[in-house]
file work_15.cif (mmCIF, C-alpha atoms)
data_final
loop_
_atom_site.label_atom_id
_atom_site.label_comp_id
_atom_site.auth_asym_id
_atom_site.auth_seq_id
_atom_site.Cartn_x
_atom_site.Cartn_y
_atom_site.Cartn_z
CA MET A 264 0.00 0.00 0.00
CA SER A 265 1.42 3.38 -0.97
CA LEU A 266 2.13 6.02 1.63
CA PRO A 267 0.01 9.18 1.68
CA SER A 268 1.39 12.34 0.14
CA PRO A 269 2.81 14.39 3.01
CA ARG A 270 0.65 17.32 3.99
CA PRO A 271 2.61 19.22 6.64
CA PRO A 272 0.30 19.92 9.56
CA SER A 273 0.11 23.27 11.28
CA LEU A 274 2.26 21.93 14.09
CA GLN A 275 5.17 21.58 11.67
CA SER A 276 4.62 24.70 9.61
CA VAL A 277 4.39 27.37 12.32
CA ASP A 278 6.49 28.19 15.35
CA ALA A 279 5.34 27.60 18.91
CA ALA A 280 3.95 31.12 19.42
CA ASP A 281 1.95 31.02 16.19
CA PHE A 282 0.66 27.55 17.03
CA ASP A 283 -0.51 28.81 20.42
CA THR A 284 -2.29 31.68 18.66
CA LEU A 285 -3.93 29.20 16.29
CA LEU A 286 -5.14 27.07 19.19
CA GLU A 287 -6.55 30.11 20.98
CA ARG A 288 -8.49 31.06 17.86
CA VAL A 289 -9.77 27.51 17.42
CA SER A 290 -10.83 27.45 21.08
CA GLN A 291 -12.83 30.66 20.66
CA GLN A 292 -14.53 29.36 17.51
CA LEU A 293 -15.56 26.17 19.27
CA ALA A 294 -16.83 28.07 22.31
CA ALA A 295 -19.12 30.19 20.14
CA THR A 296 -21.34 27.22 19.28
CA ALA A 297 -20.78 24.99 22.33
CA HIS A 298 -24.18 25.86 23.81
CA ILE A 299 -25.93 24.66 20.64
CA TYR A 300 -24.34 21.20 20.84
CA ASP A 301 -25.18 21.03 24.53
CA GLU A 302 -28.83 21.77 23.77
CA THR A 303 -29.20 19.47 20.75
CA GLY A 304 -26.78 16.67 21.61
CA ALA A 305 -25.89 16.54 17.91
CA PHE A 306 -22.52 15.28 16.74
CA PRO A 307 -20.28 18.38 16.35
CA GLN A 308 -19.43 17.76 12.70
CA ASP A 309 -18.50 21.38 11.98
CA ASN A 310 -16.02 21.29 14.85
CA PHE A 311 -14.24 18.32 13.32
CA ARG A 312 -14.19 19.98 9.91
CA LEU A 313 -12.45 22.91 11.57
CA LEU A 314 -9.93 20.65 13.31
CA HIS A 315 -9.25 18.75 10.09
CA LYS A 316 -8.73 22.05 8.26
CA HIS A 317 -5.88 22.77 10.67
CA ASP A 318 -4.54 19.17 10.42
CA LEU A 319 -5.29 18.48 14.06
CA LEU A 320 -7.13 15.18 13.61
CA ALA A 321 -3.94 13.41 12.48
CA LEU A 322 -1.75 15.09 15.07
CA THR A 323 -0.50 11.83 16.61
CA VAL A 324 -0.13 10.00 13.30
CA PRO A 325 3.63 9.63 12.56
CA LYS A 326 5.22 12.31 10.38
CA ALA A 327 6.34 9.68 7.90
CA LEU A 328 2.68 8.96 7.19
CA GLY A 329 1.74 12.61 6.79
CA GLY A 330 0.64 13.25 10.38
CA GLY A 331 1.97 15.52 13.07
CA GLY A 332 4.04 12.98 14.98
CA ALA A 333 3.07 14.88 18.12
CA SER A 334 4.49 14.29 21.56
CA LEU A 335 2.32 14.05 24.64
CA VAL A 336 3.22 17.68 25.43
CA GLN A 337 1.84 18.82 22.07
CA ALA A 338 -1.22 16.57 22.16
CA ARG A 339 -2.10 17.77 25.65
CA LYS A 340 -1.81 21.41 24.54
CA VAL A 341 -4.32 20.82 21.72
CA ILE A 342 -6.75 18.90 23.93
CA SER A 343 -6.67 21.67 26.56
CA ALA A 344 -7.48 24.33 23.97
CA VAL A 345 -10.25 22.32 22.33
CA ALA A 346 -11.78 21.37 25.70
CA LYS A 347 -11.82 24.98 26.82
CA GLY A 348 -13.97 25.67 23.77
CA GLU A 349 -16.14 22.53 23.54
CA PRO A 350 -15.27 19.54 25.73
CA SER A 351 -17.33 16.88 23.95
CA THR A 352 -15.28 17.53 20.83
CA ALA A 353 -12.14 17.29 22.95
CA LEU A 354 -13.12 13.92 24.43
CA ILE A 355 -13.70 12.41 20.99
CA LEU A 356 -10.34 13.87 19.93
CA VAL A 357 -8.66 12.26 22.95
CA MET A 358 -9.81 8.86 21.72
CA GLN A 359 -8.45 9.63 18.25
CA TYR A 360 -5.07 10.66 19.66
CA LEU A 361 -4.82 7.61 21.92
CA GLN A 362 -5.54 5.20 19.08
CA HIS A 363 -3.05 6.74 16.68
CA SER A 364 -0.30 7.38 19.22
CA ARG A 365 0.20 3.62 19.66
CA LEU A 366 -1.11 2.22 16.38
CA GLN A 367 2.04 2.09 14.23
CA ASP A 368 4.00 0.39 17.02
CA ASN A 369 1.39 -2.33 17.42
CA ARG A 370 2.74 -5.18 15.32
CA ASN A 371 -0.36 -7.27 16.01
CA TRP A 372 -2.12 -5.17 13.38
CA PRO A 373 -1.56 -6.09 9.72
CA GLU A 374 0.58 -3.38 8.13
CA ALA A 375 -1.96 -2.65 5.40
CA LEU A 376 -4.67 -1.89 7.97
CA ARG A 377 -2.38 0.26 10.09
CA LEU A 378 -1.50 2.33 7.04
CA ARG A 379 -5.09 2.55 5.84
CA VAL A 380 -6.40 3.86 9.17
CA ALA A 381 -3.56 6.40 9.32
CA GLN A 382 -4.15 7.51 5.71
CA ASP A 383 -7.85 7.97 6.37
CA ALA A 384 -7.08 10.24 9.33
CA VAL A 385 -4.58 12.34 7.37
CA ARG A 386 -6.53 12.67 4.13
CA GLU A 387 -10.14 12.64 5.29
CA GLY A 388 -10.04 13.38 9.01
CA ALA A 389 -11.47 9.91 9.70
CA LEU A 390 -12.06 9.15 13.38
CA ILE A 391 -11.49 5.90 15.25
CA ASN A 392 -12.43 4.78 18.75
CA ALA A 393 -12.44 1.62 20.81
CA LEU A 394 -15.90 0.27 21.66
CA ARG A 395 -15.60 -1.74 24.86
CA VAL A 396 -18.41 -1.17 27.37
CA GLU A 397 -21.43 -3.51 27.28
CA PRO A 398 -24.88 -3.38 28.91
CA ASP A 399 -24.39 -6.42 31.14
CA LEU A 400 -20.67 -6.42 31.81
CA GLY A 401 -20.15 -2.68 32.19
CA THR A 402 -16.59 -1.44 31.93
CA PRO A 403 -14.03 -4.16 31.09
CA ALA A 404 -11.60 -2.52 33.50
CA ARG A 405 -13.44 -4.38 36.27
CA GLY A 406 -12.74 -7.74 34.62
CA GLY A 407 -14.77 -10.31 32.67
CA LEU A 408 -15.27 -11.54 29.13
CA PRO A 409 -17.17 -9.54 26.51
CA ALA A 410 -20.56 -10.77 25.39
CA THR A 411 -19.83 -9.54 21.87
CA ILE A 412 -19.01 -12.60 19.75
CA ALA A 413 -16.74 -12.90 16.72
CA ARG A 414 -17.52 -16.15 14.92
CA ARG A 415 -14.98 -17.47 12.41
CA THR A 416 -16.51 -18.51 9.05
CA SER A 417 -15.22 -19.31 5.58
CA GLU A 418 -16.13 -15.74 4.54
CA GLY A 419 -14.46 -14.02 7.50
CA TRP A 420 -15.48 -13.04 11.02
CA ARG A 421 -19.16 -12.59 11.85
CA ILE A 422 -19.52 -10.15 14.77
CA SER A 423 -22.64 -9.81 16.90
CA GLY A 424 -23.14 -7.82 20.09
CA ARG A 425 -24.01 -4.49 21.68
CA LYS A 426 -21.74 -1.66 22.80
CA ILE A 427 -22.84 1.24 24.98
CA TYR A 428 -21.16 4.58 25.77
CA SER A 429 -19.67 4.52 22.27
CA THR A 430 -18.10 7.97 22.27
CA GLY A 431 -18.23 9.67 18.88
CA SER A 432 -20.61 7.05 17.44
CA HIS A 433 -22.12 8.95 14.49
CA GLY A 434 -18.80 10.59 13.60
CA LEU A 435 -16.57 7.51 13.65
CA THR A 436 -15.23 5.90 10.49
CA TRP A 437 -13.57 2.99 12.29
CA PHE A 438 -14.78 0.94 15.26
CA SER A 439 -12.25 -1.04 17.27
CA VAL A 440 -14.67 -3.58 18.73
CA TRP A 441 -13.77 -5.52 21.87
CA ALA A 442 -15.05 -9.05 21.41
CA ARG A 443 -14.25 -12.75 21.85
CA SER A 444 -14.14 -15.66 19.48
CA THR A 445 -16.11 -18.87 19.91
CA ASP A 446 -13.01 -21.02 20.48
CA GLU A 447 -12.71 -23.14 23.61
CA ASP A 448 -9.87 -20.84 24.68
CA PRO A 449 -11.30 -17.74 23.04
CA LEU A 450 -9.40 -14.99 21.33
CA VAL A 451 -10.16 -11.73 23.12
CA GLY A 452 -9.36 -8.26 21.88
CA ALA A 453 -10.08 -5.81 19.09
CA TRP A 454 -11.72 -6.45 15.72
CA LEU A 455 -11.58 -3.56 13.25
CA VAL A 456 -14.93 -2.66 11.67
CA HIS A 457 -15.66 0.06 9.12
CA LYS A 458 -18.76 2.17 9.76
CA ASP A 459 -20.32 1.27 6.39
CA THR A 460 -20.25 -2.48 6.96
CA PRO A 461 -23.79 -3.95 6.71
CA GLY A 462 -25.39 -5.01 9.98
CA ILE A 463 -24.43 -1.98 12.08
CA SER A 464 -27.07 0.24 13.66
CA ILE A 465 -26.78 3.13 16.11
CA ILE A 466 -29.47 3.62 18.76
CA ASP A 467 -29.65 7.29 19.80
CA ASP A 468 -29.99 6.72 23.53
CA TRP A 469 -27.26 9.03 24.86
CA ASP A 470 -29.16 11.64 26.90
CA HIS A 471 -26.80 12.52 29.73
CA LEU A 472 -26.56 15.53 31.98
CA GLY A 473 -23.17 16.59 30.62
CA MET A 474 -20.80 16.00 27.68
CA ARG A 475 -23.93 15.69 25.60
CA ALA A 476 -22.34 16.14 22.17
CA THR A 477 -20.06 13.11 22.56
CA CYS A 478 -22.91 11.11 21.01
CA SER A 479 -21.98 8.13 23.17
CA HIS A 480 -24.86 6.09 21.81
CA GLU A 481 -25.41 2.34 21.78
CA ILE A 482 -24.14 0.52 18.70
CA LEU A 483 -25.55 -2.85 17.62
CA PHE A 484 -23.60 -5.36 15.54
CA ASP A 485 -25.84 -7.94 13.88
CA ASN A 486 -23.86 -10.67 12.14
CA VAL A 487 -21.43 -8.06 10.80
CA LEU A 488 -18.92 -9.56 8.34
CA VAL A 489 -15.26 -8.44 8.40
CA PRO A 490 -12.19 -10.06 6.80
CA LEU A 491 -10.15 -12.52 8.85
CA ASP A 492 -7.21 -10.12 9.12
CA HIS A 493 -9.46 -7.60 10.88
CA ALA A 494 -8.86 -9.41 14.17
CA VAL A 495 -6.23 -6.74 14.64
CA SER A 496 -5.19 -7.08 18.26
CA VAL A 497 -6.33 -10.28 19.93
CA SER A 498 -4.81 -12.80 22.32
CA ARG A 499 -5.89 -16.03 23.98
CA TRP A 500 -7.98 -15.61 27.12
CA SER A 501 -5.55 -17.97 28.85
CA ALA A 502 -2.62 -15.65 27.98
CA PRO A 503 -4.05 -12.14 27.88
CA GLN A 504 -2.07 -9.14 26.66
CA PRO A 505 -2.64 -5.75 28.30
CA GLU A 506 -4.43 -3.21 26.14
CA LEU A 507 -2.15 -0.38 27.29
CA ASP A 508 1.43 -0.35 28.52
CA GLY A 509 2.58 2.14 31.12
CA ASP A 510 3.22 4.91 28.60
CA GLY A 511 -0.16 4.36 26.97
CA PHE A 512 -1.91 4.60 30.33
CA LEU A 513 -0.04 7.81 31.09
CA TRP A 514 -1.15 9.30 27.76
CA MET A 515 -4.73 8.36 28.56
CA SER A 516 -4.62 9.88 32.05
CA VAL A 517 -3.00 13.11 30.89
CA LEU A 518 -5.31 13.68 27.92
CA LEU A 519 -8.52 12.71 29.72
CA SER A 520 -7.58 14.94 32.65
CA ALA A 521 -6.74 17.80 30.28
CA VAL A 522 -10.31 17.74 28.96
CA TYR A 523 -11.81 18.51 32.35
CA ASP A 524 -9.05 20.90 33.34
CA GLY A 525 -9.94 22.76 30.12
CA VAL A 526 -13.54 23.02 31.31
CA ALA A 527 -12.35 24.48 34.61
CA GLN A 528 -10.18 27.00 32.73
CA ALA A 529 -13.23 28.18 30.80
CA VAL A 530 -15.10 28.59 34.10
CA ARG A 531 -12.23 30.56 35.59
CA ASP A 532 -12.26 33.01 32.66
CA TRP A 533 -16.05 33.42 32.81
CA PHE A 534 -15.88 34.02 36.57
CA VAL A 535 -13.17 36.69 36.25
CA GLU A 536 -15.14 38.56 33.62
CA TRP A 537 -18.35 38.31 35.63
CA LEU A 538 -16.66 39.65 38.77
CA GLU A 539 -15.30 42.63 36.84
CA GLN A 540 -18.62 43.44 35.17
CA ARG A 541 -20.98 42.86 38.09
CA LYS A 542 -21.41 46.17 39.96
CA PRO A 543 -24.23 46.08 42.55
CA SER A 544 -25.75 49.52 43.10
CA ASN A 545 -25.33 49.28 46.88
CA LEU A 546 -21.60 48.58 46.46
CA GLY A 547 -20.81 51.16 43.82
CA ALA A 548 -17.91 49.06 42.56
CA ALA A 549 -17.28 45.75 40.84
CA LEU A 550 -17.37 42.51 42.83
CA SER A 551 -13.75 42.05 41.81
CA THR A 552 -12.80 44.72 44.37
CA LEU A 553 -14.07 42.67 47.32
CA PRO A 554 -11.54 40.58 49.29
CA ARG A 555 -14.00 37.67 49.56
CA PHE A 556 -14.21 37.24 45.79
CA GLN A 557 -10.49 37.82 45.35
CA GLU A 558 -9.89 34.97 47.80
CA ILE A 559 -12.25 32.66 45.91
CA LEU A 560 -10.56 33.45 42.62
CA GLY A 561 -7.22 32.85 44.28
CA HIS A 562 -8.45 29.44 45.40
CA ILE A 563 -9.58 28.60 41.87
CA ASP A 564 -6.31 29.75 40.34
CA THR A 565 -4.33 27.75 42.87
CA LEU A 566 -6.25 24.58 42.01
CA LEU A 567 -5.59 25.20 38.32
CA PHE A 568 -1.93 25.92 39.04
CA ALA A 569 -1.71 22.52 40.72
CA ASN A 570 -3.34 20.93 37.68
CA ARG A 571 -0.98 22.69 35.31
CA SER A 572 2.01 21.55 37.33
CA LEU A 573 0.80 17.94 37.45
CA LEU A 574 -0.03 17.81 33.74
CA ASP A 575 3.21 19.48 32.70
CA ALA A 576 5.30 17.10 34.77
CA ALA A 577 3.54 14.03 33.41
CA ALA A 578 3.54 15.17 29.78
CA GLU A 579 7.24 16.03 29.96
CA GLY A 580 8.14 12.62 31.35
CA ARG A 581 8.87 13.72 34.92
CA THR A 582 6.07 11.63 36.46
CA PRO A 583 6.42 7.83 36.54
CA ALA A 584 3.68 6.00 34.69
CA ALA A 585 2.88 4.20 37.95
CA HIS A 586 1.27 7.44 39.16
CA ALA A 587 -0.98 7.92 36.10
CA ALA A 588 -4.16 6.97 37.95
CA GLN A 589 -3.38 9.33 40.82
CA LEU A 590 -2.82 12.11 38.30
CA LYS A 591 -6.29 11.59 36.88
CA TYR A 592 -7.80 11.52 40.39
CA LEU A 593 -6.09 14.77 41.46
CA VAL A 594 -6.56 16.81 38.28
CA THR A 595 -10.22 15.95 37.79
CA GLY A 596 -10.94 16.48 41.49
CA ASN A 597 -9.32 19.91 41.36
CA ALA A 598 -11.28 20.77 38.22
CA ILE A 599 -14.59 19.85 39.83
CA ARG A 600 -13.76 21.85 42.96
CA ALA A 601 -12.75 24.91 40.92
CA VAL A 602 -16.09 24.88 39.11
CA GLU A 603 -17.98 24.35 42.36
CA LEU A 604 -16.28 27.40 43.90
CA ALA A 605 -17.39 29.58 40.99
CA ILE A 606 -20.94 28.18 41.25
CA GLU A 607 -21.10 28.86 44.98
CA ALA A 608 -19.77 32.40 44.63
CA SER A 609 -21.90 33.48 41.67
CA GLY A 610 -25.23 32.24 43.05
CA ASN A 611 -28.22 32.51 40.74
CA PRO A 612 -26.29 33.86 37.73
CA GLY A 613 -24.04 30.82 37.85
CA LEU A 614 -27.01 28.48 37.67
CA SER A 615 -28.88 30.42 34.99
CA ARG A 616 -29.23 28.62 31.68
CA HIS A 617 -28.38 31.93 30.02
CA ASN A 618 -24.83 31.63 31.33
CA PRO A 619 -22.33 28.86 30.47
CA LEU A 620 -21.36 28.06 34.06
CA GLN A 621 -24.15 25.53 34.59
CA ARG A 622 -23.13 23.75 31.37
CA HIS A 623 -19.51 23.63 32.48
CA TYR A 624 -20.59 22.20 35.82
CA ARG A 625 -22.57 19.41 34.15
CA ASP A 626 -19.63 18.66 31.88
CA VAL A 627 -16.93 18.60 34.55
CA LEU A 628 -18.87 16.15 36.72
CA CYS A 629 -18.56 13.59 33.91
CA SER A 630 -14.85 13.25 34.71
CA ARG A 631 -15.77 10.82 37.48
CA VAL A 632 -17.08 8.15 35.13
CA HIS A 633 -13.86 7.57 33.23
CA THR A 634 -11.66 4.57 33.94
CA PRO A 635 -10.08 4.32 36.43
CA GLN A 636 -12.85 5.48 38.76
CA ASN A 637 -11.91 7.09 42.06
CA ASP A 638 -12.55 4.03 44.22
CA ALA A 639 -10.32 1.88 42.02
CA VAL A 640 -7.58 4.51 42.04
CA LEU A 641 -7.46 4.85 45.81
CA GLN A 642 -7.84 1.13 46.47
CA GLY A 643 -4.99 0.45 44.05
CA VAL A 644 -2.72 2.96 45.77
CA GLY A 645 -3.49 1.55 49.21
CA LYS A 646 -3.00 -2.01 48.04
CA ALA A 647 0.38 -1.08 46.57
CA VAL A 648 1.50 0.35 49.92
CA PHE A 649 0.86 -2.92 51.72
CA ALA A 650 2.38 -4.97 48.91
CA GLN A 651 5.56 -2.91 49.10
CA ARG A 652 5.75 -3.37 52.87
CA GLN A 653 5.35 -7.14 52.51
CA LYS A 654 8.08 -7.14 49.88
CA LYS A 655 10.45 -5.42 52.32
CA ASP A 656 9.56 -7.85 55.10
CA LEU A 657 10.44 -10.80 52.85
CA ALA A 658 13.73 -9.27 51.74
#

call {"tool": "encode", "arguments": {"input": "work_15.cif", "output": "C-alpha cells"}}
result
Amino acid sequence: MSLPSPRPPSLQSVDAADFDTLLERVSQQLAATAHIYDETGAFPQDNFRLLHKHDLLALTVPKALGGGGASLVQARKVISAVAKGEPSTALILVMQYLQHSRLQDNRNWPEALRLRVAQDAVREGALINALRVEPDLGTPARGGLPATIARRTSEGWRISGRKIYSTGSHGLTWFSVWARSTDEDPLVGAWLVHKDTPGISIIDDWDHLGMRATCSHEILFDNVLVPLDHAVSVSRWSAPQPELDGDGFLWMSVLLSAVYDGVAQAVRDWFVEWLEQRKPSNLGAALSTLPRFQEILGHIDTLLFANRSLLDAAAEGRTPAAHAAQLKYLVTGNAIRAVELAIEASGNPGLSRHNPLQRHYRDVLCSRVHTPQNDAVLQGVGKAVFAQRQKKDLA
C-alpha cells in the first residue's frame, strides 16, 4: 500500500507562538457554538471539519505517514485548547489521539490496515475509537469476558453484540470492537470494523446531563462480516495481553484529565469577567474589588496551578507511569472543585441557563465516570503500599 502524500500539519509549519495563537483562535470558535451542541446533543461535525482544516485530527499519526508525529506535550496542549472551547469535541479527539499514538508500534495489526487507518485520518479526518463497554458487563476494567461474539466462518469473522457509551458514534469511520471468538480458549481483543459495513445500527440513547455532544450512543452489531485479518489485536484468554502499557496509560490519564481541566479553565475566565462586570448599586464598585471574591478566585487559580504543574510534569516525562491513575484523580478532582467554587460564589447567575457556568458544571462532573474510577484509584494505591511493605519484610 502506498504512503500518503505528506501534507505538513500546522504543528510543523508554524512556530510555537503562532501555534498557540492558532489554538486560541480555534478554542474561541468552538466556544461560540458549544451551547448549541449542549442543547441538541448533535454530533459536532462542523467542529471536526475545523480541526481537520488545521490538520489536528492526524496530530499523533507519525510524520512519515503525513501526520503531526506529536508528543504528549503537544497533544495535551491541543486537547486543553479544544476542551476549553467545547469539551465533547475534545473527548472524541482524545480517543483519536490515543488510538493513533500507539497504532504504528502495534505489530499485532496487519501493516496494510495500520496504514489505511492512518491515511484515512490524514486525508479525510477519519475518526477511530475503541468500543468496549457492554450493557451487562459494564466497563471491562473491572474484569470479565465480553458478550460480543466474533464467529470465524469461511467468509471471514461474523460479529454480533451491543456496545454502549460509544463515544463519537455517528462521527466515527472505524470501530475497534472488543469481542471474543467462539473457540474453547477464546481470542479476546479488538476487531476492526468500518462504519459502512452492513449489519451496524446506532441507537440514539445518549441523553446525559453533561458532555452531551459526545454522542456516546449504543451501537448494535448484527452478524457483521469483516475479513479474517481484521482481528487486529487479539490474544488467547488464557494468555491475555494488556491493552495499554505504562506509557499508553499515562497518555490516557494526561489527555482525559486535560479535557476537564480545560472546562475548569473556561469557568475561571467566565468568573473573572463576571466579577469585573458585576457592579451592585449598593456597592458602587465591581465585585472584583471585594476581598472575599479575590480569595475565591485565588483558590480557583491555585487549584488550576496545581493541575498545570501535574499535567506538565507528566507530559514532559517527569512523572512515573505508575502514578498515572493518581494524576487523573487529582486533576479531575481539582477541576470539579474549581467549578464548584465559581458556582457557589456566583449564586443565581451561575445556575442560569443563560450563562455557560451551569453547562460547564454538568460537563466537569462527567470526569468521574472515566476509567479508572476514584474508588479503584485509591484502592490500588493503598493495596500497593501494603504490597511494598510485605516485599520489604520478605527481603

call {"tool": "residues_around", "arguments": {"input": "work_15.cif", "residues": "Ser516 in chain A", "least_positions_apart": "6", "cutoff": "12 Å", "atoms": "all atoms listed in the file", "output": "ChimeraX atom specification"}}
result
/A:335,339,357-358,361,507,509-510,522-524,573-574,577-578,582,584-595,630,633-636,640

call {"tool": "closest_residue", "arguments": {"input": "work_15.cif", "among": "A:Gly431, A:Pro505, A:Pro612, A:Gly596", "to": "Arg541 in chain A", "atoms": "only C-alpha atoms"}}
result
A:Pro612

call {"tool": "atom_distance", "arguments": {"input": "work_15.cif", "atom1": "CA of His315 in chain A", "atom2": "CA of His623 in chain A"}}
result
25.1 Å

call {"tool": "closest_atom_pairs", "arguments": {"input": "work_15.cif", "of": "range 345-453 of chain A", "to": "range 478-481 of chain A", "cutoff": "10 Å", "atoms": "all atoms listed in the file", "output": "Markdown table"}}
result
| residue | atom | partner | partner_atom | distance |
| --- | --- | --- | --- | --- |
| A:Ser351 | CA | A:Cys478 | CA | 8.5 |
| A:Thr352 | CA | A:Cys478 | CA | 10.0 |
| A:Ile355 | CA | A:Cys478 | CA | 9.3 |
| A:Leu394 | CA | A:Glu481 | CA | 9.7 |
| A:Val396 | CA | A:Glu481 | CA | 9.6 |
| A:Glu397 | CA | A:Glu481 | CA | 9.0 |
| A:Pro398 | CA | A:Glu481 | CA | 9.2 |
| A:Arg425 | CA | A:Glu481 | CA | 7.0 |
| A:Lys426 | CA | A:Glu481 | CA | 5.5 |
| A:Ile427 | CA | A:Glu481 | CA | 4.2 |
| A:Tyr428 | CA | A:Ser479 | CA | 4.5 |
| A:Ser429 | CA | A:Ser479 | CA | 4.4 |
| A:Thr430 | CA | A:Ser479 | CA | 4.0 |
| A:Gly431 | CA | A:Cys478 | CA | 5.3 |
| A:Ser432 | CA | A:Cys478 | CA | 5.9 |
| A:His433 | CA | A:Cys478 | CA | 6.9 |
| A:Gly434 | CA | A:Cys478 | CA | 8.5 |

call {"tool": "resolve_selection", "arguments": {"input": "work_15.cif", "expression": "the PyMOL selection byres ((chain A and resi 619) around 12)", "output": "PyMOL selection string"}}
result
chain A and resi 294-299+301-302+347-349+526-527+529-534+537+602+605-606+612-618+620-626

call {"tool": "residues_around", "arguments": {"input": "work_15.cif", "residues": "Trp372 in chain A", "least_positions_apart": "2", "cutoff": "9 Å", "atoms": "only C-alpha atoms", "output": "PyMOL selection string"}}
result
chain A and resi 366-367+369-370+374-377+492-496

call {"tool": "resolve_selection", "arguments": {"input": "work_15.cif", "expression": "the PyMOL selection byres ((chain A and resi 393) around 7)", "output": "VMD selection string"}}
result
chain A and resid 392 394 to 395 438 to 440

call {"tool": "atom_distance", "arguments": {"input": "work_15.cif", "atom1": "CA of Arg288 in chain A", "atom2": "CA of Arg365 in chain A"}}
result
28.8 Å

call {"tool": "residues_around", "arguments": {"input": "work_15.cif", "residues": "Gly462 in chain A", "least_positions_apart": "4", "cutoff": "8 Å", "atoms": "all atoms listed in the file", "output": "PyMOL selection string"}}
result
chain A and resi 483-487

call {"tool": "atom_distance", "arguments": {"input": "work_15.cif", "atom1": "CA of Val497 in chain A", "atom2": "CA of Trp454 in chain A"}}
result
7.8 Å

call {"tool": "closest_residue", "arguments": {"input": "work_15.cif", "among": "A:Ala476, A:Ile463, A:Ala658, A:Ala442", "to": "Asn310 in chain A", "atoms": "only C-alpha atoms"}}
result
A:Ala476

call {"tool": "closest_residue", "arguments": {"input": "work_15.cif", "among": "A:Thr445, A:Gln362, A:Thr477, A:Ser343", "to": "Gly304 in chain A", "atoms": "all atoms listed in the file"}}
result
A:Thr477

call {"tool": "closest_residue", "arguments": {"input": "work_15.cif", "among": "A:Ala576, A:Ile412, A:Leu604, A:Leu285", "to": "Ser444 in chain A", "atoms": "all atoms listed in the file"}}
result
A:Ile412

call {"tool": "closest_residue", "arguments": {"input": "work_15.cif", "among": "A:Leu293, A:Trp514, A:Leu491, A:Arg379", "to": "Ala333 in chain A", "atoms": "all atoms listed in the file"}}
result
A:Trp514
